[in-house]
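One structure is given below, encoded as structure tokens.
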Amino acid sequence: MTNLIVLHRELATKKYSHLVYQHFKIADPKPRDIHKASVRDRLLHHTLHRQLSPFFSKTFISDSYSCQIGKGTHRALKRFGRFSKIVSRNDIHTAWVLKCDIKKFFANIDHRILIAIIDMYIPDKDIIRLLSVIIRSFRSNVEGVGLPLGNLTSQLFVNIYMNEFDQFMKHCLKAKYYLRYSDDFVVLSTDETYLETILPAMQEFLRNKLKLSMHPDKIFIQTVASGVDFLGWVHFPDHQVLRTTTKKRMFRNIKIKDGKEKTVQSYLGFMSYGNSCKLRQIILNKI
């Protein structure tokens, strides 16, 4: 209670300052740097997220996913499958997919641009000042750039940031079958040339407006029939299978946790969203 009273006093007198982060590394599966805020600061992060998320969610396009209520991985996967069927007209035509992701996404979010975007939506300067303190409490390798992976507010901030790109895709490039999950996004079309044409405009917008760049090794234009790797699954016209690296990580985690029921049931539930009957049986046999 004493800590809460002190925090309230700091906020009321506009003297709040963010404490330092605790840094540690994880493998998920690739190495990631996690910066964990203090309990005091996390309490404020959760409060801000609870108040701001419902408002900003209304400004997002319907096909932006990740860290939004009811808009997780499974819903994004179902939407991708729906897009594939619509574009191909139930597999009669060839459906092409442009798939991209952002290079070092969280580490390259520009503080000044993010605060300017938020300022367009929130007239209360005290709230802007408070959000600025949280945003500027962290930097990656460059002053004024980067958001910590460990903050709940960071999940909301990146969706607000990328909403500018989403709006550009829908209203300027008229990409009807566009879908984004965090920093992964796809555009589907029957016209391969159209996808090749819009790619430079997408890269230019990200570079000039948001100071972001696409990962050069993760830009693909391919058909759904050839198998599109998206959100841990490889998608084909009539089925989807788990990515090989996802399967290996799954078996490794089950082994590490010695086949605990909670872990196994979690993976079995995850696999129910694709064609994985044989894989499910292998797991059940192993335990």
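Labeling convention for the structure tokens: chains A, B, ... as they appear, residues from 1 per chain, ligands from 1 in order of appearance.
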
- Message: What's around A:Leu130 at 12 Å? Count only C-alpha atoms, leave out sequence neighbours fewer than 3 positions away in its own chain, and write the answer as an NGL selection string.
- Response: :A and (10-18 or 41 or 44-45 or 48 or 115 or 118-119 or 122 or 124-127 or 133-137)

- Just the residues within 10 Å of stretch 92-105 of chain A, please, counting only C-alpha atoms, with nothing from its chain fewer than 6 positions along; format it as a PyMOL selection string. chain A and resi 83-86+146-147+158+177-196+198-199+206+212-226+228-230+237

- Considering only C-alpha atoms, return as an MDAnalysis selection string whatever protein or nucleic-acid residues lie within 12 Å of stretch 68-75 of chain A, sequence-local ones (same chain, fewer than 5 positions apart) excluded. chainID A and resid 49:50 52:58 60:63 80:82 152:153 155:160 179:182 184 230:233 269:274

- Closest to A:Phe165 among A:Asn141, A:Gln281, A:Gln265, A:Asn208, using only C-alpha atoms?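 Checking each of A:Asn141, A:Gln281, A:Gln265, A:Asn208 against A:Phe165, counting only C-alpha atoms, the winner is A:Asn208.
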
Long-range neighbours of A:Thr244 as a PDB file with all heavy atoms, in the first residue's frame, 12 Å cut-off, only C-alpha atoms, 2 positions minimum in chain:
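Saved as result12.pdb:
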```pdb
ATOM      1  N   ASP A 229       4.788 -20.646 -45.673  1.00  0.00           N
ATOM      2  CA  ASP A 229       5.148 -20.725 -44.260  1.00  0.00           C
ATOM      3  C   ASP A 229       4.714 -19.436 -43.570  1.00  0.00           C
ATOM      4  O   ASP A 229       5.273 -18.374 -43.806  1.00  0.00           O
ATOM      5  CB  ASP A 229       6.668 -20.906 -44.147  1.00  0.00           C
ATOM      6  CG  ASP A 229       7.112 -21.223 -42.728  1.00  0.00           C
ATOM      7  OD1 ASP A 229       6.395 -20.849 -41.784  1.00  0.00           O
ATOM      8  OD2 ASP A 229       8.187 -21.818 -42.561  1.00  0.00           O
ATOM      9  N   GLY A 232       4.034 -20.297 -38.109  1.00  0.00           N
ATOM     10  CA  GLY A 232       4.340 -21.625 -37.579  1.00  0.00           C
ATOM     11  C   GLY A 232       3.757 -22.784 -38.353  1.00  0.00           C
ATOM     12  O   GLY A 232       4.045 -23.942 -38.050  1.00  0.00           O
ATOM     13  N   TRP A 233       2.931 -22.483 -39.365  1.00  0.00           N
ATOM     14  CA  TRP A 233       2.317 -23.528 -40.182  1.00  0.00           C
ATOM     15  C   TRP A 233       2.683 -23.320 -41.645  1.00  0.00           C
ATOM     16  O   TRP A 233       2.856 -22.183 -42.091  1.00  0.00           O
ATOM     17  CB  TRP A 233       0.797 -23.503 -40.049  1.00  0.00           C
ATOM     18  CG  TRP A 233       0.291 -23.880 -38.698  1.00  0.00           C
ATOM     19  CD1 TRP A 233       0.168 -23.065 -37.604  1.00  0.00           C
ATOM     20  CD2 TRP A 233      -0.161 -25.157 -38.277  1.00  0.00           C
ATOM     21  NE1 TRP A 233      -0.336 -23.763 -36.532  1.00  0.00           N
ATOM     22  CE2 TRP A 233      -0.549 -25.057 -36.921  1.00  0.00           C
ATOM     23  CE3 TRP A 233      -0.282 -26.408 -38.908  1.00  0.00           C
ATOM     24  CZ2 TRP A 233      -1.049 -26.142 -36.189  1.00  0.00           C
ATOM     25  CZ3 TRP A 233      -0.776 -27.481 -38.175  1.00  0.00           C
ATOM     26  CH2 TRP A 233      -1.147 -27.337 -36.842  1.00  0.00           C
ATOM     27  N   VAL A 234       2.761 -24.426 -42.389  1.00  0.00           N
ATOM     28  CA  VAL A 234       2.957 -24.357 -43.840  1.00  0.00           C
ATOM     29  C   VAL A 234       1.598 -24.607 -44.479  1.00  0.00           C
ATOM     30  O   VAL A 234       1.005 -25.676 -44.305  1.00  0.00           O
ATOM     31  CB  VAL A 234       3.991 -25.387 -44.331  1.00  0.00           C
ATOM     32  CG1 VAL A 234       4.181 -25.257 -45.840  1.00  0.00           C
ATOM     33  CG2 VAL A 234       5.326 -25.182 -43.614  1.00  0.00           C
ATOM     34  N   VAL A 241       0.237 -27.892 -42.478  1.00  0.00           N
ATOM     35  CA  VAL A 241       1.044 -28.769 -41.625  1.00  0.00           C
ATOM     36  C   VAL A 241       2.004 -27.919 -40.807  1.00  0.00           C
ATOM     37  O   VAL A 241       2.355 -26.803 -41.198  1.00  0.00           O
ATOM     38  CB  VAL A 241       1.827 -29.802 -42.464  1.00  0.00           C
ATOM     39  CG1 VAL A 241       0.876 -30.740 -43.188  1.00  0.00           C
ATOM     40  CG2 VAL A 241       2.762 -29.107 -43.464  1.00  0.00           C
ATOM     41  N   LEU A 242       2.452 -28.466 -39.682  1.00  0.00           N
ATOM     42  CA  LEU A 242       3.372 -27.736 -38.826  1.00  0.00           C
ATOM     43  C   LEU A 242       4.720 -27.550 -39.495  1.00  0.00           C
ATOM     44  O   LEU A 242       5.226 -28.456 -40.170  1.00  0.00           O
ATOM     45  CB  LEU A 242       3.574 -28.498 -37.505  1.00  0.00           C
ATOM     46  CG  LEU A 242       2.668 -28.168 -36.329  1.00  0.00           C
ATOM     47  CD1 LEU A 242       3.053 -29.030 -35.143  1.00  0.00           C
ATOM     48  CD2 LEU A 242       2.751 -26.704 -35.953  1.00  0.00           C
ATOM     49  N   THR A 246       9.100 -25.942 -35.842  1.00  0.00           N
ATOM     50  CA  THR A 246       8.094 -25.918 -34.778  1.00  0.00           C
ATOM     51  C   THR A 246       7.917 -27.310 -34.177  1.00  0.00           C
ATOM     52  O   THR A 246       7.802 -27.466 -32.955  1.00  0.00           O
ATOM     53  CB  THR A 246       6.747 -25.408 -35.323  1.00  0.00           C
ATOM     54  OG1 THR A 246       6.928 -24.130 -35.933  1.00  0.00           O
ATOM     55  CG2 THR A 246       5.720 -25.274 -34.206  1.00  0.00           C
ATOM     56  N   LYS A 247       7.896 -28.324 -35.041  1.00  0.00           N
ATOM     57  CA  LYS A 247       7.765 -29.702 -34.559  1.00  0.00           C
ATOM     58  C   LYS A 247       8.944 -30.088 -33.670  1.00  0.00           C
ATOM     59  O   LYS A 247       8.768 -30.680 -32.604  1.00  0.00           O
ATOM     60  CB  LYS A 247       7.665 -30.666 -35.746  1.00  0.00           C
ATOM     61  CG  LYS A 247       6.309 -30.666 -36.432  1.00  0.00           C
ATOM     62  CD  LYS A 247       6.176 -31.796 -37.417  1.00  0.00           C
ATOM     63  CE  LYS A 247       6.972 -31.544 -38.679  1.00  0.00           C
ATOM     64  NZ  LYS A 247       6.695 -32.567 -39.722  1.00  0.00           N
ATOM     65  N   LYS A 248      10.154 -29.751 -34.124  1.00  0.00           N
ATOM     66  CA  LYS A 248      11.354 -30.096 -33.344  1.00  0.00           C
ATOM     67  C   LYS A 248      11.324 -29.415 -31.976  1.00  0.00           C
ATOM     68  O   LYS A 248      11.657 -30.024 -30.958  1.00  0.00           O
ATOM     69  CB  LYS A 248      12.605 -29.685 -34.115  1.00  0.00           C
ATOM     70  CG  LYS A 248      12.883 -30.557 -35.337  1.00  0.00           C
ATOM     71  CD  LYS A 248      14.144 -30.099 -36.060  1.00  0.00           C
ATOM     72  CE  LYS A 248      14.445 -30.992 -37.259  1.00  0.00           C
ATOM     73  NZ  LYS A 248      15.650 -30.512 -38.006  1.00  0.00           N
ATOM     74  N   ARG A 249      10.938 -28.133 -31.957  1.00  0.00           N
ATOM     75  CA  ARG A 249      10.882 -27.401 -30.691  1.00  0.00           C
ATOM     76  C   ARG A 249       9.815 -27.996 -29.768  1.00  0.00           C
ATOM     77  O   ARG A 249      10.004 -28.087 -28.552  1.00  0.00           O
ATOM     78  CB  ARG A 249      10.597 -25.922 -30.959  1.00  0.00           C
ATOM     79  CG  ARG A 249      10.631 -25.064 -29.712  1.00  0.00           C
ATOM     80  CD  ARG A 249      10.687 -23.583 -30.035  1.00  0.00           C
ATOM     81  NE  ARG A 249       9.443 -23.074 -30.567  1.00  0.00           N
ATOM     82  CZ  ARG A 249       9.253 -22.712 -31.832  1.00  0.00           C
ATOM     83  NH1 ARG A 249      10.235 -22.830 -32.718  1.00  0.00           N
ATOM     84  NH2 ARG A 249       8.100 -22.242 -32.244  1.00  0.00           N
ATOM     85  N   MET A 250       8.710 -28.414 -30.367  1.00  0.00           N
ATOM     86  CA  MET A 250       7.627 -29.001 -29.583  1.00  0.00           C
ATOM     87  C   MET A 250       8.087 -30.290 -28.896  1.00  0.00           C
ATOM     88  O   MET A 250       7.890 -30.462 -27.684  1.00  0.00           O
ATOM     89  CB  MET A 250       6.434 -29.291 -30.498  1.00  0.00           C
ATOM     90  CG  MET A 250       5.261 -29.956 -29.805  1.00  0.00           C
ATOM     91  SD  MET A 250       3.889 -30.198 -30.956  1.00  0.00           S
ATOM     92  CE  MET A 250       4.627 -31.331 -32.130  1.00  0.00           C
ATOM     93  N   PHE A 251       8.723 -31.187 -29.642  1.00  0.00           N
ATOM     94  CA  PHE A 251       9.198 -32.442 -29.062  1.00  0.00           C
ATOM     95  C   PHE A 251      10.283 -32.191 -28.011  1.00  0.00           C
ATOM     96  O   PHE A 251      10.340 -32.888 -26.990  1.00  0.00           O
ATOM     97  CB  PHE A 251       9.729 -33.366 -30.158  1.00  0.00           C
ATOM     98  CG  PHE A 251       8.653 -34.065 -30.934  1.00  0.00           C
ATOM     99  CD1 PHE A 251       8.490 -33.854 -32.293  1.00  0.00           C
ATOM    100  CD2 PHE A 251       7.782 -34.942 -30.297  1.00  0.00           C
ATOM    101  CE1 PHE A 251       7.497 -34.489 -33.004  1.00  0.00           C
ATOM    102  CE2 PHE A 251       6.777 -35.595 -31.005  1.00  0.00           C
ATOM    103  CZ  PHE A 251       6.634 -35.369 -32.360  1.00  0.00           C
ATOM    104  N   LEU A 279       0.795 -36.770 -36.194  1.00  0.00           N
ATOM    105  CA  LEU A 279       1.699 -36.130 -35.239  1.00  0.00           C
ATOM    106  C   LEU A 279       1.130 -36.191 -33.831  1.00  0.00           C
ATOM    107  O   LEU A 279       1.854 -36.448 -32.853  1.00  0.00           O
ATOM    108  CB  LEU A 279       1.942 -34.681 -35.653  1.00  0.00           C
ATOM    109  CG  LEU A 279       3.071 -33.928 -34.944  1.00  0.00           C
ATOM    110  CD1 LEU A 279       4.395 -34.633 -35.133  1.00  0.00           C
ATOM    111  CD2 LEU A 279       3.150 -32.502 -35.490  1.00  0.00           C
TER     112      LEU A 279
END
```

- Where in stretch 86-119 of chain A does DSSP assign strand (DSSP E), given as a PyMOL selection string? chain A and resi 96-101

Write a file of the selected residues as a PDB file, in the first residue's frame, keeping all heavy atoms.
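Here's the written file result-v1.pdb:
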```pdb
ATOM      1  N   TRP A  96      -1.548 -16.208 -55.359  1.00  0.00           N
ATOM      2  CA  TRP A  96      -0.177 -15.792 -55.073  1.00  0.00           C
ATOM      3  C   TRP A  96      -0.139 -15.067 -53.724  1.00  0.00           C
ATOM      4  O   TRP A  96      -1.084 -14.380 -53.353  1.00  0.00           O
ATOM      5  CB  TRP A  96       0.338 -14.862 -56.167  1.00  0.00           C
ATOM      6  CG  TRP A  96       0.598 -15.555 -57.476  1.00  0.00           C
ATOM      7  CD1 TRP A  96      -0.289 -15.748 -58.484  1.00  0.00           C
ATOM      8  CD2 TRP A  96       1.823 -16.152 -57.892  1.00  0.00           C
ATOM      9  NE1 TRP A  96       0.307 -16.431 -59.521  1.00  0.00           N
ATOM     10  CE2 TRP A  96       1.618 -16.690 -59.192  1.00  0.00           C
ATOM     11  CE3 TRP A  96       3.084 -16.287 -57.300  1.00  0.00           C
ATOM     12  CZ2 TRP A  96       2.616 -17.350 -59.898  1.00  0.00           C
ATOM     13  CZ3 TRP A  96       4.088 -16.940 -58.003  1.00  0.00           C
ATOM     14  CH2 TRP A  96       3.859 -17.465 -59.280  1.00  0.00           C
ATOM     15  N   VAL A  97       0.978 -15.227 -53.019  1.00  0.00           N
ATOM     16  CA  VAL A  97       1.136 -14.615 -51.705  1.00  0.00           C
ATOM     17  C   VAL A  97       2.463 -13.851 -51.649  1.00  0.00           C
ATOM     18  O   VAL A  97       3.514 -14.408 -51.963  1.00  0.00           O
ATOM     19  CB  VAL A  97       1.128 -15.675 -50.578  1.00  0.00           C
ATOM     20  CG1 VAL A  97       1.286 -15.003 -49.212  1.00  0.00           C
ATOM     21  CG2 VAL A  97      -0.151 -16.497 -50.623  1.00  0.00           C
ATOM     22  N   LEU A  98       2.364 -12.577 -51.261  1.00  0.00           N
ATOM     23  CA  LEU A  98       3.553 -11.783 -50.932  1.00  0.00           C
ATOM     24  C   LEU A  98       3.690 -11.836 -49.416  1.00  0.00           C
ATOM     25  O   LEU A  98       2.807 -11.410 -48.685  1.00  0.00           O
ATOM     26  CB  LEU A  98       3.399 -10.339 -51.399  1.00  0.00           C
ATOM     27  CG  LEU A  98       4.415  -9.328 -50.862  1.00  0.00           C
ATOM     28  CD1 LEU A  98       5.842  -9.690 -51.266  1.00  0.00           C
ATOM     29  CD2 LEU A  98       4.076  -7.914 -51.347  1.00  0.00           C
ATOM     30  N   LYS A  99       4.799 -12.378 -48.934  1.00  0.00           N
ATOM     31  CA  LYS A  99       5.018 -12.541 -47.492  1.00  0.00           C
ATOM     32  C   LYS A  99       6.283 -11.787 -47.086  1.00  0.00           C
ATOM     33  O   LYS A  99       7.332 -11.935 -47.718  1.00  0.00           O
ATOM     34  CB  LYS A  99       5.147 -14.024 -47.149  1.00  0.00           C
ATOM     35  CG  LYS A  99       5.427 -14.323 -45.689  1.00  0.00           C
ATOM     36  CD  LYS A  99       5.473 -15.834 -45.462  1.00  0.00           C
ATOM     37  CE  LYS A  99       5.921 -16.156 -44.039  1.00  0.00           C
ATOM     38  NZ  LYS A  99       7.356 -15.873 -43.813  1.00  0.00           N
ATOM     39  N   CYS A 100       6.176 -10.965 -46.028  1.00  0.00           N
ATOM     40  CA  CYS A 100       7.305 -10.151 -45.572  1.00  0.00           C
ATOM     41  C   CYS A 100       7.309 -10.068 -44.058  1.00  0.00           C
ATOM     42  O   CYS A 100       6.306 -10.357 -43.405  1.00  0.00           O
ATOM     43  CB  CYS A 100       7.220  -8.719 -46.124  1.00  0.00           C
ATOM     44  SG  CYS A 100       6.730  -8.561 -47.840  1.00  0.00           S
ATOM     45  N   ASP A 101       8.443  -9.654 -43.503  1.00  0.00           N
ATOM     46  CA  ASP A 101       8.450  -9.260 -42.099  1.00  0.00           C
ATOM     47  C   ASP A 101       9.478  -8.159 -41.884  1.00  0.00           C
ATOM     48  O   ASP A 101      10.301  -7.879 -42.753  1.00  0.00           O
ATOM     49  CB  ASP A 101       8.623 -10.452 -41.148  1.00  0.00           C
ATOM     50  CG  ASP A 101      10.072 -10.880 -40.945  1.00  0.00           C
ATOM     51  OD1 ASP A 101      10.958 -10.365 -41.628  1.00  0.00           O
ATOM     52  OD2 ASP A 101      10.305 -11.726 -40.082  1.00  0.00           O
TER      53      ASP A 101
END
```

- Message: Using Å and a single decimal, report how far atom CA of A:Lys278 sits from atom CA of A:Glu261.
- Response: 18.9 Å

- Task: Would you mind telling me which residue in A:Lys170, A:Arg9, A:Lys255, A:His111 lies nearest to A:Val142 when using only C-alpha atoms?
- Result: A:His111

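For the residues A:Ser266, A:His8, A:Cys277, A:Arg79, ranking by smallest atom-to-atom distance to A:Asn253 using only C-alpha atoms places A:Ser266 first.
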
- Message: Between atom CA of A:Arg42 and atom CA of A:Phe106, what is the distance in Å, rounded to a tenth?
- Response: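 So the answer is 18.2 Å.
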
- Note on the structure: In terms of only C-alpha atoms, the residue from A:Val87, A:Ala116, A:Leu210, A:Val264 at minimal distance from A:Lys176 is A:Val87

- Task: Once DSSP has gone over the backbone, tell me which residues of stretch 52-261 of chain A are in alpha helix (DSSP H), as a ChimeraX atom specification.
- Result: /A:52-57,73-88,111-121,125-135,152-167,192-209,244-256,261

Save out the residues we just selected, C-alpha atoms, as a compact mmCIF listing (two decimals), in the first residue's frame.
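Listing of selection_12.txt after writing:
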```txt
# COMPACT_ATOMS: atom_id res chain seq x y z
CA LEU A 52 -5.97 2.62 -23.84
CA SER A 53 -6.28 -0.73 -25.62
CA PRO A 54 -10.11 -0.63 -26.09
CA PHE A 55 -9.85 2.83 -27.63
CA PHE A 56 -6.98 2.11 -30.02
CA SER A 57 -8.42 -1.26 -31.05
CA THR A 73 -2.65 -16.69 -33.77
CA HIS A 74 -5.56 -19.08 -34.36
CA ARG A 75 -7.87 -16.38 -35.68
CA ALA A 76 -5.12 -15.04 -37.97
CA LEU A 77 -4.51 -18.56 -39.32
CA LYS A 78 -8.22 -19.05 -40.04
CA ARG A 79 -8.35 -15.67 -41.78
CA PHE A 80 -5.37 -16.57 -43.96
CA GLY A 81 -7.13 -19.78 -44.97
CA ARG A 82 -10.30 -17.83 -45.75
CA PHE A 83 -8.37 -15.34 -47.90
CA SER A 84 -6.73 -18.22 -49.76
CA LYS A 85 -10.12 -19.73 -50.64
CA ILE A 86 -11.60 -16.39 -51.73
CA VAL A 87 -8.65 -15.38 -53.91
CA SER A 88 -8.36 -18.81 -55.55
CA HIS A 111 10.31 7.11 -30.25
CA ARG A 112 9.67 10.49 -31.86
CA ILE A 113 7.48 9.00 -34.60
CA LEU A 114 5.56 6.81 -32.13
CA ILE A 115 4.82 9.73 -29.80
CA ALA A 116 3.72 11.88 -32.76
CA ILE A 117 1.29 9.15 -33.88
CA ILE A 118 -0.19 8.77 -30.38
CA ASP A 119 -0.46 12.56 -30.10
CA MET A 120 -2.83 12.57 -33.09
CA TYR A 121 -5.32 10.44 -31.12
CA LYS A 125 -1.09 16.34 -22.84
CA ASP A 126 -0.61 14.83 -19.38
CA ILE A 127 -1.28 11.36 -20.78
CA ILE A 128 1.06 12.06 -23.71
CA ARG A 129 3.74 13.17 -21.25
CA LEU A 130 3.32 9.99 -19.19
CA LEU A 131 3.42 7.73 -22.26
CA SER A 132 6.53 9.58 -23.46
CA VAL A 133 8.27 8.80 -20.16
CA ILE A 134 7.54 5.09 -20.63
CA ILE A 135 8.52 5.07 -24.30
CA LEU A 152 2.89 -5.05 -21.99
CA THR A 153 2.65 -1.48 -23.27
CA SER A 154 5.16 -2.33 -26.02
CA GLN A 155 2.65 -4.74 -27.56
CA LEU A 156 0.10 -1.94 -27.81
CA PHE A 157 2.66 0.62 -29.02
CA VAL A 158 3.85 -1.54 -31.94
CA ASN A 159 0.26 -2.09 -33.09
CA ILE A 160 -0.33 1.68 -32.97
CA TYR A 161 2.92 2.20 -34.89
CA MET A 162 2.14 -0.40 -37.58
CA ASN A 163 -1.45 0.79 -37.91
CA GLU A 164 -0.02 3.59 -40.05
CA PHE A 165 1.29 0.95 -42.45
CA ASP A 166 -1.98 -1.00 -42.28
CA GLN A 167 -3.96 2.09 -43.27
CA GLU A 192 1.79 -12.00 -59.36
CA THR A 193 2.71 -8.79 -61.20
CA TYR A 194 0.50 -6.73 -58.87
CA LEU A 195 2.39 -8.06 -55.86
CA GLU A 196 5.73 -7.29 -57.50
CA THR A 197 4.50 -3.77 -58.26
CA ILE A 198 3.32 -2.85 -54.75
CA LEU A 199 6.42 -4.22 -52.98
CA PRO A 200 8.65 -1.16 -53.67
CA ALA A 201 5.87 1.19 -52.47
CA MET A 202 5.55 -0.82 -49.26
CA GLN A 203 9.30 -0.67 -48.65
CA GLU A 204 9.40 3.07 -49.35
CA PHE A 205 6.57 3.81 -46.90
CA LEU A 206 8.19 1.76 -44.14
CA ARG A 207 11.56 3.42 -44.73
CA ASN A 208 10.39 7.03 -45.08
CA LYS A 209 7.43 7.18 -42.68
CA THR A 244 9.58 -28.54 -39.23
CA THR A 245 11.34 -26.25 -36.74
CA THR A 246 8.09 -25.92 -34.78
CA LYS A 247 7.76 -29.70 -34.56
CA LYS A 248 11.35 -30.10 -33.34
CA ARG A 249 10.88 -27.40 -30.69
CA MET A 250 7.63 -29.00 -29.58
CA PHE A 251 9.20 -32.44 -29.06
CA ARG A 252 12.18 -30.87 -27.30
CA ASN A 253 9.94 -28.96 -24.88
CA ILE A 254 7.84 -32.05 -24.14
CA LYS A 255 11.04 -33.99 -23.38
CA ILE A 256 12.44 -31.22 -21.15
CA GLU A 261 0.01 -33.22 -19.04
```

- Between atom CA of A:Lys211 and atom CA of A:Ser66, distance in Å (one decimal): 21.4 Å
